[in-house]
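Reviewing the structure listed below.
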Amino acid sequence: MGSSTRNSYDRSKKIIQQGIEEGKINEQGAGLGELLAKLLFPKKGPSKVKTTLNDNLHSTECTNSIKNIIRISKAVKTGTLSSIGLGGISGYSSIEIKEKVCDFLGISNNELLKTSLKETLDSNNIFDKAFNILNFIANYVKNIISNVYKQFTYEDTLNQLEDFNSNEYSDSIDNYMEEKVIPIIQVEFNEIAFADEILEEEETFSYKVNNAFSNIIKKLRGDLEYE
């Protein structure tokens with residue numbers, strides 16, 4: 001699991017139990033991804049999952065990390081990595097590269113953002129001139145959402161299923177994120193023109209990124225209907 005922090009959460013316990021009883025979650029934990037909307041948008045009261053997700057996505061660290069991902073992308077394409085302090089990066093080990101990128105993005109003190117970024121780097125080479133910045137950002141944001149979700153569901157799913165399988169559980173969430181969540185993120189970030197002048201206008205950039213995050217959270221509700 002991405003996040004090292006696990007919690008038992010009364011609301012998730014109840015919703016997970018209902019999902020088990022309705023056959024939406026099997027004995028190994030597969031199917032958990034389908035409950036994302038219900039945990040984000042409960043019938044009554046606030047959602048700790050949603051609150052934690054908003055706290056991380058709307059943080060200054062997250063906004064700045066998006067801006068600095070774009071800075072790296074532009075430097076890679078123009079061959080000017082040295083000008084932003086990332087020259088000679090190819091000589092570092094994979095672990096060192098991840099740490100250096102996290103430091104550059106300004107997320108080294110936020111474990112959830114840091115873990116999510118490292119997971120993104122596992123499958124996306126940010127220093128490849130051909131890399132797609134929209135896909136990178138979409139995967140980064142997806143990993144943040146996924147790790148918050150796992151943080152508030154792992155322990156309760158584990159406790160309620162005798163045959164729980166962490167791989168089945170993680171795969172079901174990852175597949176759901178790939179199919180349902182990434183397209184939403186891509187649509188929202190595709191609306192932002194990452195031109196140099198936008199990056200220089202800090203308030204405008206922050207507004208656009210935070211607006212995208214707000215729209216993503218709203219869209220995660222989908223067509224949720226309560227019985």
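To be explicit about the labels: the chains of the structure tokens are called A, B, and onward in the order shown, and within each one the residues are counted from 1, while ligands get numbers from 1 in the order they are shown.
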
**Spatial neighbours of A:Gly88, max dist 12 Å, only C-alpha atoms, sep filter under 3 positions, as an MDAnalysis selection string** = chainID A and resid 76 79:85 91:93 96:97 100 127

Expected file: the selected residues, C-alpha atoms, as a CSV table (one decimal), in the first residue's frame:
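out24.csv, written as the output of this step:
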```csv
chain,number,residue,atom,x,y,z
A,76,VAL,CA,13.9,18.7,-20.1
A,79,GLY,CA,17.9,21.0,-22.4
A,80,THR,CA,18.2,23.5,-19.5
A,81,LEU,CA,18.0,21.2,-16.4
A,82,SER,CA,21.2,22.7,-15.0
A,83,SER,CA,19.5,26.1,-14.8
A,84,ILE,CA,17.0,24.8,-12.3
A,85,GLY,CA,19.6,22.8,-10.3
A,91,GLY,CA,24.3,10.0,-12.8
A,92,TYR,CA,22.0,9.4,-9.7
A,93,SER,CA,20.5,6.1,-8.6
A,96,GLU,CA,18.4,9.4,-5.3
A,97,ILE,CA,16.5,10.7,-8.3
A,100,LYS,CA,15.9,14.9,-5.5
A,127,PHE,CA,13.4,13.3,-17.6
```

**Prompt:** If you count only C-alpha atoms, which residues fall within 9 Å of A:Lys208, apart from same-chain ones fewer than 6 positions away, as JSON, numbers by chain?
**Reply:** {"A": [189, 191, 192]}

Quick one: write out the picked residues with N, CA and C atoms as a compact mmCIF listing (two decimals), in the first residue's frame?
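Heads up, here's the output in selection_22.txt:
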```txt
# COMPACT_ATOMS: atom_id res chain seq x y z
N PHE A 189 -7.35 18.96 -16.12
CA PHE A 189 -6.03 19.59 -16.31
C PHE A 189 -5.77 19.94 -17.76
N GLU A 191 -7.74 21.56 -19.41
CA GLU A 191 -8.33 22.88 -19.55
C GLU A 191 -7.34 23.99 -19.17
N ILE A 192 -6.27 23.62 -18.48
CA ILE A 192 -5.29 24.62 -18.03
C ILE A 192 -4.20 24.80 -19.08
```

**Asked** Nearest to A:Gln28 among A:Asn210, A:Ser166, A:Asn68, A:Asn132, with distances taken over only C-alpha atoms: which residue is it?
**Response** A:Ser166

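Of the residues in stretch 44-79 of chain A, those given helix (DSSP H, G or I) by DSSP on the backbone are Lys48, Val49, Lys50, Thr51, Thr52, Leu53, Asn54, Asp55, Asn56, Leu57, Thr60, Glu61, Cys62, Thr63, Asn64, Ser65, Ile66, Lys67, Asn68, Ile69, Ile70, Arg71, Ile72, Ser73, Lys74, Ala75, Val76, Lys77 and Thr78 of chain A.
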
Can you pull out the residues contacting A:Val148? Cut-off 7 Å, using only C-alpha atoms, and skip same-chain residues under 3 positions away; I want them as a PDB file with C-alpha atoms, in the first residue's frame.
```
ATOM      1  CA  VAL A  49     -11.774  10.633   3.351  1.00  0.00           C
ATOM      2  CA  LEU A  53      -8.140  14.452   0.260  1.00  0.00           C
ATOM      3  CA  ILE A 144      -2.847  10.961  -4.199  1.00  0.00           C
ATOM      4  CA  ILE A 145      -6.535  10.055  -4.381  1.00  0.00           C
ATOM      5  CA  GLN A 151      -5.497   5.012   4.116  1.00  0.00           C
ATOM      6  CA  PHE A 152      -9.134   4.937   5.225  1.00  0.00           C
TER       7      PHE A 152
END
```

**Request:** May I have the residues within 8 Å of A:Glu119 as a PyMOL selection string, using only C-alpha atoms and disregarding those fewer than 2 positions away in the same chain?
**Result:** chain A and resi 2+115-117+121-123+140+143

**Contacts of A:Ile126 at 8 Å (only C-alpha atoms; same-chain gap of 6+ positions) as a list in words** =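 Contacts, with the query itself left out: Ile72, Ser73 and Phe136 of chain A.
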
**Message:** Give me, as a PyMOL selection string, all polymer residues having an atom no more than 12 Å from A:Asp55, counting only C-alpha atoms and skipping those fewer than 3 positions away in the same chain.
**Reply:** chain A and resi 48-52+58-63+110+112-113+144-145+148+210+213-214

Could you save those same residues with N, CA and C atoms as a PDB file, in the first residue's frame?
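Saved to result_4.pdb:
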```pdb
ATOM      1  N   LYS A  48     -14.349  11.914   6.332  1.00  0.00           N
ATOM      2  CA  LYS A  48     -12.939  12.092   6.674  1.00  0.00           C
ATOM      3  C   LYS A  48     -12.061  11.824   5.447  1.00  0.00           C
ATOM      4  N   VAL A  49     -12.515  10.919   4.590  1.00  0.00           N
ATOM      5  CA  VAL A  49     -11.774  10.633   3.351  1.00  0.00           C
ATOM      6  C   VAL A  49     -11.720  11.902   2.492  1.00  0.00           C
ATOM      7  N   LYS A  50     -12.877  12.522   2.305  1.00  0.00           N
ATOM      8  CA  LYS A  50     -12.957  13.733   1.483  1.00  0.00           C
ATOM      9  C   LYS A  50     -12.173  14.881   2.110  1.00  0.00           C
ATOM     10  N   THR A  51     -12.294  15.048   3.430  1.00  0.00           N
ATOM     11  CA  THR A  51     -11.581  16.113   4.118  1.00  0.00           C
ATOM     12  C   THR A  51     -10.071  15.957   3.970  1.00  0.00           C
ATOM     13  N   THR A  52      -9.578  14.730   4.171  1.00  0.00           N
ATOM     14  CA  THR A  52      -8.141  14.471   4.049  1.00  0.00           C
ATOM     15  C   THR A  52      -7.662  14.695   2.623  1.00  0.00           C
ATOM     16  N   HIS A  58      -5.531  20.643  -1.935  1.00  0.00           N
ATOM     17  CA  HIS A  58      -5.597  22.098  -1.895  1.00  0.00           C
ATOM     18  C   HIS A  58      -4.481  22.728  -1.060  1.00  0.00           C
ATOM     19  N   SER A  59      -3.480  21.941  -0.741  1.00  0.00           N
ATOM     20  CA  SER A  59      -2.349  22.473   0.023  1.00  0.00           C
ATOM     21  C   SER A  59      -1.411  23.270  -0.888  1.00  0.00           C
ATOM     22  N   THR A  60      -0.674  24.187  -0.284  1.00  0.00           N
ATOM     23  CA  THR A  60       0.328  24.957  -1.030  1.00  0.00           C
ATOM     24  C   THR A  60       1.372  24.024  -1.625  1.00  0.00           C
ATOM     25  N   GLU A  61       1.737  22.980  -0.867  1.00  0.00           N
ATOM     26  CA  GLU A  61       2.745  22.025  -1.356  1.00  0.00           C
ATOM     27  C   GLU A  61       2.294  21.348  -2.650  1.00  0.00           C
ATOM     28  N   CYS A  62       1.019  20.962  -2.699  1.00  0.00           N
ATOM     29  CA  CYS A  62       0.525  20.265  -3.883  1.00  0.00           C
ATOM     30  C   CYS A  62       0.479  21.193  -5.089  1.00  0.00           C
ATOM     31  N   THR A  63      -0.032  22.404  -4.886  1.00  0.00           N
ATOM     32  CA  THR A  63      -0.081  23.378  -5.987  1.00  0.00           C
ATOM     33  C   THR A  63       1.317  23.669  -6.521  1.00  0.00           C
ATOM     34  N   ASN A 110       5.747  16.211   3.219  1.00  0.00           N
ATOM     35  CA  ASN A 110       4.383  15.685   3.151  1.00  0.00           C
ATOM     36  C   ASN A 110       4.466  14.241   2.673  1.00  0.00           C
ATOM     37  N   LEU A 112       2.361  11.812   2.240  1.00  0.00           N
ATOM     38  CA  LEU A 112       1.401  11.304   1.269  1.00  0.00           C
ATOM     39  C   LEU A 112       1.724  11.788  -0.144  1.00  0.00           C
ATOM     40  N   LEU A 113       2.028  13.074  -0.270  1.00  0.00           N
ATOM     41  CA  LEU A 113       2.391  13.610  -1.589  1.00  0.00           C
ATOM     42  C   LEU A 113       3.697  12.994  -2.074  1.00  0.00           C
ATOM     43  N   ILE A 144      -2.472  10.265  -5.440  1.00  0.00           N
ATOM     44  CA  ILE A 144      -2.847  10.961  -4.199  1.00  0.00           C
ATOM     45  C   ILE A 144      -4.232  10.498  -3.759  1.00  0.00           C
ATOM     46  N   ILE A 145      -5.171  10.490  -4.689  1.00  0.00           N
ATOM     47  CA  ILE A 145      -6.535  10.055  -4.381  1.00  0.00           C
ATOM     48  C   ILE A 145      -6.537   8.606  -3.915  1.00  0.00           C
ATOM     49  N   VAL A 148      -5.018   8.197  -0.316  1.00  0.00           N
ATOM     50  CA  VAL A 148      -5.934   8.652   0.734  1.00  0.00           C
ATOM     51  C   VAL A 148      -7.042   7.610   0.923  1.00  0.00           C
ATOM     52  N   ASN A 210      -6.426  24.760  -8.226  1.00  0.00           N
ATOM     53  CA  ASN A 210      -7.370  24.441  -7.155  1.00  0.00           C
ATOM     54  C   ASN A 210      -8.790  24.278  -7.683  1.00  0.00           C
ATOM     55  N   PHE A 213      -8.925  20.795  -9.024  1.00  0.00           N
ATOM     56  CA  PHE A 213      -9.069  19.827  -7.936  1.00  0.00           C
ATOM     57  C   PHE A 213     -10.512  19.783  -7.422  1.00  0.00           C
ATOM     58  N   SER A 214     -11.129  20.947  -7.271  1.00  0.00           N
ATOM     59  CA  SER A 214     -12.516  21.006  -6.789  1.00  0.00           C
ATOM     60  C   SER A 214     -13.452  20.296  -7.759  1.00  0.00           C
TER      61      SER A 214
END
```
